[in-house]
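A.B. asks: Dropping in input_34.txt, which is compact mmCIF, C-alpha atoms:
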# COMPACT_ATOMS: atom_id res chain seq x y z
CA MET A 194 93.02 233.21 134.27
CA PRO A 195 91.29 231.22 136.97
CA PRO A 196 92.25 227.51 137.31
CA VAL A 197 89.99 224.92 135.69
CA VAL A 198 88.08 223.02 138.32
CA ALA A 199 86.75 219.55 137.43
CA SER A 200 83.03 219.30 137.86
CA LYS A 201 82.04 217.00 140.69
CA LYS A 202 78.40 216.89 139.54
CA ARG A 203 77.25 213.30 139.01
CA LYS A 204 75.50 212.33 135.82
CA ARG A 205 71.91 211.29 136.22
CA GLY A 206 71.48 207.47 136.39
CA ALA A 207 75.18 206.59 136.63
CA GLU A 208 74.80 204.81 139.95
CA ASP A 209 71.51 203.27 138.90
CA ALA A 210 73.18 201.65 135.89
CA GLU A 211 75.71 200.04 138.16
CA LYS A 212 72.92 198.61 140.34
CA ALA A 213 71.02 196.59 137.65
CA SER A 214 69.47 193.46 139.22
CA LEU A 215 68.65 189.96 137.89
CA VAL A 216 65.42 188.24 138.91
CA LEU A 217 63.63 185.05 137.85
CA SER A 218 60.26 185.25 136.20
CA SER A 219 57.35 185.16 138.61
CA GLN A 220 55.08 183.45 136.05
CA PRO A 221 54.12 179.77 136.68
CA ALA A 222 56.82 177.44 135.40
CA SER A 223 54.26 175.43 133.39
CA GLN A 224 52.90 178.50 131.57
CA ALA A 225 53.80 178.77 127.88
CA GLY A 226 56.59 181.20 127.19
CA PRO A 227 59.30 182.13 124.72
CA VAL A 228 61.22 179.48 122.77
CA LEU A 229 64.84 179.57 121.61
CA ALA A 230 65.08 178.38 117.97
CA SER A 231 68.08 177.60 115.79
CA PHE A 232 68.04 177.41 111.96
CA PRO A 233 71.25 175.62 110.87
CA ALA A 234 70.63 175.66 107.10
CA LEU A 235 68.13 178.33 106.05
CA ASP A 236 66.78 181.37 107.85
CA PRO A 237 63.01 181.89 107.49
CA PRO A 238 61.62 185.15 106.13
CA LYS A 239 60.94 187.74 108.84
CA PRO A 240 57.15 187.73 108.47
CA THR A 241 56.97 183.94 108.98
CA ALA A 242 54.73 183.08 111.93
CA PHE A 243 55.54 180.16 114.24
CA LYS A 244 53.39 178.24 116.69
CA CYS A 245 54.31 175.97 119.57
CA TYR A 246 52.41 172.67 120.04
CA VAL A 247 52.40 170.38 123.07
CA GLN A 248 52.20 166.63 122.61
CA LYS A 249 48.86 165.04 123.50
CA GLY A 250 48.78 163.39 126.90
CA ALA A 251 51.84 165.30 128.14
CA ASP A 252 52.08 166.40 131.77
CA LYS A 253 51.04 170.04 131.56
CA SER A 254 52.03 170.65 135.18
CA ALA A 255 55.70 170.12 134.28
CA PRO A 256 57.92 173.15 133.58
CA PHE A 257 57.37 174.51 130.07
CA GLU A 258 60.98 173.90 129.00
CA ALA A 259 60.68 170.21 129.98
CA GLN A 260 57.40 169.56 128.15
CA PRO A 261 57.48 167.69 124.79
CA THR A 262 56.82 170.55 122.42
CA ILE A 263 57.15 171.17 118.69
CA VAL A 264 57.65 174.50 116.93
CA ALA A 265 56.35 174.82 113.38
CA GLY A 266 55.96 177.62 110.88
CA GLU A 267 55.08 178.00 107.23
CA ALA A 268 56.47 180.39 104.62
CA GLU A 269 55.27 180.71 101.03
CA THR A 270 57.36 177.84 99.64
CA VAL A 271 59.02 176.22 102.67
CA GLU A 272 57.80 174.60 105.88
CA PHE A 273 59.85 174.78 109.09
CA PHE A 274 59.41 172.38 112.01
CA THR A 275 61.29 170.95 114.97
CA ALA A 276 63.50 168.05 113.95
CA ASP A 277 63.53 165.87 117.10
CA GLY A 278 61.73 167.79 119.82
CA PRO A 279 63.36 170.13 122.37
CA LEU A 280 67.13 169.63 122.65
CA SER A 281 68.05 168.39 126.10
CA SER A 282 71.62 168.48 127.35
CA THR A 283 72.95 167.20 130.65
CA GLY A 284 74.25 170.03 132.83
CA CYS A 285 73.22 172.76 130.37
CA SER A 286 70.08 174.94 130.26
CA TYR A 287 69.00 177.98 128.28
CA MET A 288 67.36 181.20 129.53
CA ILE A 289 66.01 184.36 127.92
CA GLY A 290 66.26 187.69 129.71
CA VAL A 291 64.02 190.78 129.32
CA HIS A 292 65.48 194.05 130.62
CA ASP A 293 63.21 196.77 132.04
CA LYS A 294 64.96 200.15 131.73
CA ARG A 295 62.51 201.81 134.04
CA THR A 296 63.26 199.53 136.99
CA ASN A 297 66.75 198.55 135.77
CA THR A 298 65.77 194.88 136.26
CA THR A 299 66.48 191.89 133.96
CA THR A 300 63.90 189.12 134.24
CA LEU A 301 65.16 185.62 133.32
CA ARG A 302 63.04 182.66 132.26
CA PRO A 303 64.12 179.11 131.31
CA VAL A 304 63.32 178.22 127.70
CA PRO A 305 63.59 175.10 125.51
CA LEU A 306 65.98 174.97 122.54
CA HIS A 307 64.58 173.75 119.21
CA ILE A 308 66.67 172.84 116.17
CA LEU A 309 64.44 173.44 113.16
CA THR A 310 64.63 171.76 109.80
CA ARG A 311 62.83 172.63 106.58
CA ARG A 312 60.87 170.97 103.79
CA VAL A 313 60.00 172.32 100.35
CA LYS A 314 56.25 172.28 99.81
CA ALA A 315 56.49 171.38 96.11
CA LEU A 316 58.42 168.20 96.96
CA LYS A 317 56.31 167.23 99.95
CA ASN A 318 54.25 164.51 98.26
CA LEU A 319 56.97 163.14 95.98
CA ARG A 320 58.47 159.74 96.80
CA PRO A 321 62.08 158.86 95.97
CA ILE A 322 62.53 156.63 92.94
CA GLU A 323 63.29 153.08 94.00
CA VAL A 324 66.50 151.63 92.61
CA SER A 325 66.45 147.94 91.72
CA THR A 326 69.14 145.53 92.85
CA GLU A 327 70.48 145.18 89.31
CA GLU A 328 70.77 148.96 88.91
CA ARG A 329 72.50 149.27 92.26
CA MET A 330 74.98 146.51 91.33
CA ALA A 331 75.63 148.13 87.94
CA GLN A 332 76.37 151.50 89.58
CA ARG A 333 78.58 149.78 92.13
CA ASN A 334 80.49 147.99 89.37
CA ASN A 335 80.96 151.28 87.50
CA LEU A 336 82.47 152.85 90.60
CA GLY A 337 84.68 149.79 91.10
CA GLU A 338 85.92 149.90 87.51
CA ALA A 339 86.67 153.61 87.80
CA PHE A 340 88.25 153.81 91.26
CA GLY A 341 88.76 150.24 92.47
CA THR A 342 92.01 148.34 92.95
CA LYS A 343 93.17 145.57 90.60
CA LYS A 344 91.81 142.96 93.00
CA ALA A 345 88.41 144.66 93.15
CA LYS A 346 88.24 144.96 89.35
CA ALA A 347 89.12 141.26 88.97
CA ALA A 348 86.33 140.33 91.40
CA ILE A 349 83.83 142.43 89.40
CA ARG A 350 84.79 140.67 86.14
CA ALA A 351 84.57 137.26 87.83
CA ARG A 352 81.03 138.03 89.05
CA GLU A 353 80.03 139.09 85.55
CA ARG A 354 81.36 135.86 84.05
CA ASN A 355 79.59 133.68 86.65
CA ARG A 356 76.26 135.49 86.43
CA VAL A 357 73.41 133.30 85.22
CA ASP A 358 71.21 134.71 82.50
CA ILE A 359 67.67 133.94 83.74
CA ASP A 360 66.04 134.71 80.40
CA ALA A 361 68.26 132.16 78.65
CA MET A 362 67.34 129.50 81.24
CA LYS A 363 63.59 129.76 80.65
CA ASP A 364 63.66 127.38 77.67
CA VAL A 365 65.59 124.65 79.50
CA ALA A 366 63.91 124.95 82.92
CA GLY A 367 61.36 122.24 82.18
CA HIS A 368 64.04 119.87 80.88
CA LEU A 369 66.15 120.43 84.00
CA GLN A 370 63.18 119.76 86.26
CA ASP A 371 62.38 116.48 84.47
CA THR A 372 66.03 115.39 84.76
CA ILE A 373 66.09 116.17 88.47
CA MET A 374 62.90 114.19 89.05
CA GLU A 375 64.35 111.18 87.21
CA ASN A 376 67.61 111.24 89.17
CA THR A 377 65.94 111.72 92.55
CA GLY A 378 63.39 108.98 91.95
CA THR A 379 65.87 106.33 93.08
CA LEU A 380 66.73 108.13 96.33
CA PRO A 381 65.47 106.45 99.53
CA THR A 382 62.55 107.88 101.45
CA VAL A 383 62.94 109.28 104.97
CA GLU A 384 61.68 106.01 106.45
CA GLU A 385 64.02 103.93 104.29
CA ALA A 386 67.00 106.12 105.17
CA LYS A 387 66.15 105.84 108.89
CA ALA A 388 65.85 102.05 108.65
CA THR A 389 69.23 101.85 106.88
CA ALA A 390 70.88 104.04 109.52
CA ASP A 391 69.38 101.98 112.36
CA SER A 392 70.53 98.72 110.80
CA SER A 393 74.12 99.98 110.55
CA ARG A 394 74.38 100.99 114.22
CA LEU A 395 77.24 99.36 116.18
CA ILE A 396 74.89 97.93 118.80
CA PRO A 397 73.31 94.50 119.44
CA PRO A 398 70.23 93.45 117.46
CA TYR A 399 67.18 95.14 118.96
CA ASN A 400 63.41 94.94 118.95
CA ALA A 401 62.13 98.39 117.97
CA ASP A 402 58.55 97.42 118.89
CA ALA A 403 59.39 96.25 122.43
CA LEU A 404 57.01 97.42 125.16
CA SER A 405 59.37 96.59 128.03
CA PRO A 406 63.11 97.33 128.45
CA LYS A 407 63.85 93.62 129.01
CA ASP A 408 62.50 92.80 125.53
CA VAL A 409 64.70 95.30 123.64
CA TYR A 410 67.98 93.34 123.61
CA ALA A 411 67.67 89.54 123.72
CA LEU A 412 70.29 87.80 125.84
CA HIS A 413 71.42 85.27 123.22
CA ASP A 414 71.71 88.01 120.56
CA ILE A 415 74.57 89.31 122.73
CA ILE A 416 75.96 86.04 124.11
CA PRO A 417 75.52 83.10 121.72
CA GLU A 418 73.80 80.21 123.47
CA ALA A 419 76.76 77.84 122.97
CA GLU A 420 79.16 80.31 124.60
CA PHE A 421 76.66 81.03 127.38
CA ASN A 422 76.43 77.33 128.25
CA ALA A 423 80.24 77.00 128.21
CA LEU A 424 80.82 79.73 130.83
CA PRO A 425 82.41 78.10 133.95
CA ILE A 426 80.74 79.06 137.23
CA SER A 427 81.05 75.80 139.20
CA ALA A 428 84.12 77.13 141.05
CA PHE A 429 81.98 79.84 142.68
CA LYS A 430 80.23 77.18 144.78
CA THR A 431 83.34 76.61 146.87
CA ALA A 432 84.22 80.32 147.21
CA LYS A 433 83.31 81.54 150.69
CA THR A 434 84.07 85.28 150.60
CA ASP A 435 83.66 88.16 148.17
CA LYS A 436 87.45 88.27 147.76
CA ASP A 437 87.51 84.64 146.70
CA ARG A 438 84.69 85.15 144.21
CA ILE A 439 86.16 88.26 142.56
CA ALA A 440 89.45 86.37 142.13
CA LEU A 441 87.66 83.81 139.94
CA LEU A 442 86.72 86.42 137.33
CA PRO A 443 88.94 87.00 134.26
CA PHE A 444 89.04 90.71 135.22
CA ASN A 445 88.96 91.47 138.95
CA ARG A 446 90.06 95.13 139.15
CA SER A 447 86.52 96.41 138.92
CA ASP A 448 84.36 97.98 141.62
CA TRP A 449 81.27 97.42 139.47
CA LEU A 450 81.90 93.64 139.19
CA ARG A 451 82.65 93.40 142.93
CA LEU A 452 79.33 95.11 143.76
CA GLN A 453 77.32 92.88 141.41
CA LEU A 454 78.82 89.70 142.90
CA ARG A 455 78.00 90.94 146.39
CA LEU A 456 74.38 91.63 145.36
CA ILE A 457 74.01 88.23 143.67
CA TYR A 458 75.26 86.34 146.75
CA SER A 459 73.23 88.48 149.17
CA ALA A 460 70.10 86.68 147.92
CA PRO A 461 69.03 83.40 149.56
CA LYS A 462 69.82 81.57 146.32
CA PRO A 463 72.29 83.06 143.78
CA ASN A 464 70.89 83.54 140.28
CA LYS A 465 73.02 81.43 137.91
CA THR A 466 71.98 83.40 134.80
CA GLU A 467 73.08 86.69 136.37
CA LEU A 468 76.32 85.08 137.58
CA LYS A 469 77.10 83.88 134.03
CA ILE A 470 76.34 87.35 132.61
CA VAL A 471 78.66 88.97 135.16
CA TYR A 472 81.37 86.42 134.26
CA TYR A 473 80.92 87.22 130.56
CA ILE A 474 81.08 90.97 131.23
CA ALA A 475 84.35 90.40 133.13
CA THR A 476 85.63 88.44 130.11
CA MET A 477 84.71 91.31 127.77
CA MET A 478 86.46 93.82 130.06
CA ALA A 479 89.59 91.65 130.09
CA PHE A 480 89.36 91.29 126.29
CA TYR A 481 89.10 95.08 125.96
CA LYS A 482 92.06 95.67 128.29
CA ASN A 483 94.17 93.17 126.27
CA SER A 484 93.12 94.40 122.84
CA ARG A 485 96.78 94.66 121.76
CA ASN A 486 97.19 90.90 122.16
CA VAL A 487 94.19 89.81 120.08
CA GLY A 488 96.54 88.97 117.20
CA ASP A 489 98.37 86.38 119.38
CA LYS A 490 95.75 83.89 120.49
CA ASP A 491 98.11 81.94 122.77
CA ALA A 492 99.15 85.08 124.66
CA LEU A 493 95.51 86.15 124.87
CA GLN A 494 94.45 82.75 126.20
CA GLN A 495 97.21 82.92 128.82
CA ARG A 496 96.02 86.33 130.02
CA LEU A 497 92.40 85.19 130.08
CA SER A 498 93.15 81.94 131.90
CA GLY A 499 90.05 80.02 132.87
CA VAL A 500 87.99 81.36 129.97
CA PRO A 501 86.95 78.56 127.57
CA PRO A 502 88.59 78.76 124.10
CA LEU A 503 85.10 78.74 122.56
CA VAL A 504 84.31 82.04 124.26
CA ILE A 505 87.61 83.64 123.24
CA ASP A 506 87.15 82.50 119.64
CA GLY A 507 83.67 84.03 119.62
CA LEU A 508 84.99 87.39 120.89
CA ILE A 509 87.73 87.42 118.27
CA THR A 510 85.26 86.56 115.50
CA ARG A 511 82.70 89.25 116.41
CA PHE A 512 84.88 92.09 117.69
CA THR A 513 88.00 92.08 115.49
CA GLU A 514 88.88 92.44 111.83
CA ALA A 515 91.66 90.74 109.88
CA GLU A 516 94.60 92.93 108.89
CA ARG A 517 95.26 93.06 105.15
CA SER A 518 99.00 92.55 105.37
CA THR A 519 99.22 89.81 108.04
CA ASN A 520 95.63 88.49 108.08
CA LYS A 521 95.84 88.57 111.88
CA PRO A 522 92.87 89.76 113.94
CA LYS A 523 93.00 93.37 115.06
CA MET A 524 90.60 95.51 117.04
CA THR A 525 89.55 98.61 115.11
CA PRO A 526 87.70 101.68 116.43
CA GLN A 527 84.46 100.28 114.99
CA THR A 528 84.84 96.84 116.57
CA GLU A 529 85.92 98.42 119.86
CA THR A 530 82.74 100.52 119.88
CA MET A 531 80.69 97.41 119.14
CA LEU A 532 82.41 95.48 121.97
CA LEU A 533 81.65 98.26 124.46
CA ALA A 534 78.04 98.59 123.26
CA TYR A 535 77.43 94.82 123.71
CA MET A 536 79.07 94.96 127.14
CA LEU A 537 76.95 97.93 128.29
CA ALA A 538 73.77 96.23 127.07
CA LEU A 539 74.60 93.37 129.46
CA CYS A 540 75.31 95.86 132.26
CA LEU A 541 71.82 97.32 131.74
CA ARG A 542 70.29 93.86 132.12
CA ILE A 543 72.17 93.20 135.39
CA GLU A 544 71.27 96.61 136.92
CA ASP A 545 67.58 96.41 136.03
CA TYR A 546 68.10 98.77 133.07
CA ALA A 547 69.47 101.67 135.17
CA ALA A 548 73.28 101.36 134.96
CA ASP A 549 75.80 103.33 137.04
CA THR A 550 77.78 105.15 134.33
CA GLU A 551 80.50 106.67 136.55
CA THR A 552 81.60 103.38 138.14
CA ILE A 553 81.75 101.60 134.77
CA ALA A 554 83.74 104.47 133.23
CA HIS A 555 86.20 104.36 136.14
CA ASP A 556 86.69 100.59 135.81
CA LEU A 557 87.36 100.89 132.06
CA SER A 558 89.64 103.94 132.53
CA MET A 559 87.48 105.93 130.15
CA PRO A 560 85.97 109.42 130.38
CA PRO A 561 82.36 109.34 131.63
CA THR A 562 81.20 111.32 128.58
CA LYS A 563 82.23 108.50 126.26
CA ILE A 564 80.39 105.91 128.34
CA THR A 565 77.24 108.05 128.48
CA GLY A 566 77.47 108.52 124.71
CA LEU A 567 77.57 104.74 124.23
CA PHE A 568 74.59 104.28 126.55
CA LYS A 569 72.66 106.91 124.57
CA SER A 570 73.44 105.01 121.36
CA LEU A 571 71.64 102.04 122.96
CA GLY A 572 68.52 104.17 123.48
CA CYS A 573 69.16 105.27 127.08
CA ILE A 574 68.63 108.60 128.76
CA ILE A 575 70.98 109.85 131.50
CA LYS A 576 69.24 110.98 134.68
CA LYS A 577 69.03 110.67 138.47
CA LEU A 578 66.49 108.19 139.78
CA GLY A 579 63.55 109.37 141.85
CA PRO A 580 62.49 107.83 145.22
CA ASN A 581 59.99 105.44 143.61
CA GLU A 582 62.51 104.27 140.99
CA LEU A 583 65.13 103.67 143.68
CA LYS A 584 62.62 101.66 145.70
CA GLU A 585 61.60 99.54 142.69
CA ARG A 586 65.22 98.58 142.04
CA GLY A 587 66.09 98.02 145.70
CA LEU A 588 68.69 100.81 145.73
CA PRO A 589 69.52 102.86 148.85
CA ASP A 590 68.55 106.53 149.16
CA SER A 591 72.25 107.44 148.92
CA SER A 592 72.12 106.46 145.21
CA ALA A 593 69.75 109.36 144.44
CA GLU A 594 72.66 111.64 143.48
CA THR A 595 74.19 109.12 141.07
CA LYS A 596 73.44 109.63 137.39
CA ARG A 597 72.34 106.44 135.67
CA ALA A 598 71.69 105.29 132.12
CA VAL A 599 68.01 104.30 131.96
CA LEU A 600 66.71 102.34 128.96
CA LYS A 601 63.38 103.75 127.81
CA VAL A 602 60.65 102.29 125.62
CA PRO A 603 59.46 102.90 122.99
CA LEU A 604 63.04 102.80 121.78
CA GLU A 605 64.47 106.06 120.48
CA PHE A 606 68.00 106.59 119.19
CA PRO A 607 69.81 109.94 119.22
CA LYS A 608 69.36 111.95 116.04
CA ASN A 609 72.36 112.97 113.99
CA ARG A 610 73.24 116.62 114.39
CA VAL A 611 73.34 118.70 111.21
CA LYS A 612 76.47 120.82 111.21
CA ARG A 613 76.13 124.37 109.95
CA ALA A 614 78.32 125.34 107.05
CA ARG A 615 81.10 127.70 107.96
CA ARG A 616 80.95 131.11 106.36
Have the structure of the file written as structure tokens, please.
C.D. replies:
Amino acid sequence: MPPVVASKKRKRGAEDAEKASLVLSSQPASQAGPVLASFPALDPPKPTAFKCYVQKGADKSAPFEAQPTIVAGEAETVEFFTADGPLSSTGCSYMIGVHDKRTNTTTLRPVPLHILTRRVKALKNLRPIEVSTEERMAQRNNLGEAFGTKKAKAAIRARERNRVDIDAMKDVAGHLQDTIMENTGTLPTVEEAKATADSSRLIPPYNADALSPKDVYALHDIIPEAEFNALPISAFKTAKTDKDRIALLPFNRSDWLRLQLRLIYSAPKPNKTELKIVYYIATMMAFYKNSRNVGDKDALQQRLSGVPPLVIDGLITRFTEAERSTNKPKMTPQTETMLLAYMLALCLRIEDYAADTETIAHDLSMPPTKITGLFKSLGCIIKKLGPNELKERGLPDSSAETKRAVLKVPLEFPKNRVKRARR
């Protein structure tokens, strides 16, 4: 028997199958083409026809897969349409290939991916039934009673107990309104409340109708005339230097007082009224610094040597309160605020109603924010003076960067801030 010889004859097309090639479509990229669709919930019937729509105003020269398109189709009972336009994904694209057996070539073309949703035609024009707030709360309470914790159930019962029956309140609404009107009839008006608040401010008496800053706070409303006349300034006539003059003040560790004395004596003839005001301000500063000794008049008089007893008695009377247990004078936070407000009103008068807040705060060893707050309570605004304002007051250009308390008219006081309730 002859040996079996394997046939070496090649099958037709074997090599051709191994040489299949991939090519991109030669059609214009903007030309409409196939679309890749996905139906997550319900497949449409096979005879359902679909159409692709392009959004109005879209750039039709852009590639078809990048254009804003919508795919829609309609079956007998259900409508299918694109949910949110073509699905775009960074770094991912979709292509459809068509294989030509004759040329053994697969042609690829980019396509958009559409996720389609559906809508039942019979329910298309029906609107969902709106649920009222009461119904929603009732359903929520039912769920809470069935599945809630003990704490949640207790909260539900508490809300039910505290709920107001509106229908039951209809009969008494008129009576409640009349009662409210009677009780609120005695309340002050906005103008009356403002006048009461202004009268209780811890500041000197003021003229709300003043047209000039100098007419807002009268001098003898701050310094009684008897005390003003008793202020000793005769010793300043023999003082030759600034050092000698500052030593005559009851409080001499103040840069502000030293500057004011220098300005007073730089004039051809010193102004006695301004000199007395500066002396009284120094007395008030010394009184403030020795507030712990106001209960011992002898010790206070010794520390404020040179100040007439009439002036010290006036400060104790106006800026202290008697303790209940000992009946001795004591400076309280309210009287301290009043003392500082009276003092700053005098500082405004001396500095032509534009006071240097930082220097005064440094001399009193107080934070500048507290001093500016006191100036604002007097009706001042805090700002830097312009060139014209500096020139009017005879101040150098170097003072332009210094913030000053400027008294403005018509007089306006800061409004009380309404605090928001914490949630």
A.B. asks: Distance table requested - range 522-561 of chain A against range 474-481 of chain A, cut-off 8 Å, all atoms listed in the file: one row per qualifying residue with the closest atom pair and its distance in Å to one decimal, ordered by chain and rising residue number, as JSON lines.
C.D. replies:
{"residue": "A:Glu529", "atom": "CA", "partner": "A:Tyr481", "partner_atom": "CA", "distance": 7.6}
{"residue": "A:Leu532", "atom": "CA", "partner": "A:Met477", "partner_atom": "CA", "distance": 7.5}
{"residue": "A:Met536", "atom": "CA", "partner": "A:Ile474", "partner_atom": "CA", "distance": 6.1}
{"residue": "A:Leu539", "atom": "CA", "partner": "A:Ile474", "partner_atom": "CA", "distance": 7.1}
{"residue": "A:Cys540", "atom": "CA", "partner": "A:Ile474", "partner_atom": "CA", "distance": 7.6}
{"residue": "A:Leu557", "atom": "CA", "partner": "A:Met478", "partner_atom": "CA", "distance": 7.4}
A.B. asks: Could you check how far CA of Lys249 in chain A sits from CA of Pro227 in chain A, in Å to one decimal?
C.D. replies: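 According to the coordinates, CA of Lys249 in chain A and CA of Pro227 in chain A are separated by 20.1 Å.
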A.B. asks: Name all residues at most 10 Å from Ala423 in chain A (count only C-alpha atoms; drop same-chain ones fewer than 5 positions away) and give them as a VMD selection string.
C.D. replies: chain A and resid 418 469 500 to 504
A.B. asks: Could you tell me which of A:Ala213, A:Val324, A:Ile359, A:Val247 comes closest to Lys294 in chain A if we count all atoms listed in the file?
C.D. replies: A:Ala213
A.B. asks: Neighbouring residues of Leu235 in chain A were defined as those with any atom within 10 Å, considering all atoms listed in the file; residues of the same chain fewer than 5 positions away were excluded. Please report them as JSON, numbers by chain.
C.D. replies: {"A": [271, 273, 309, 310, 311]}
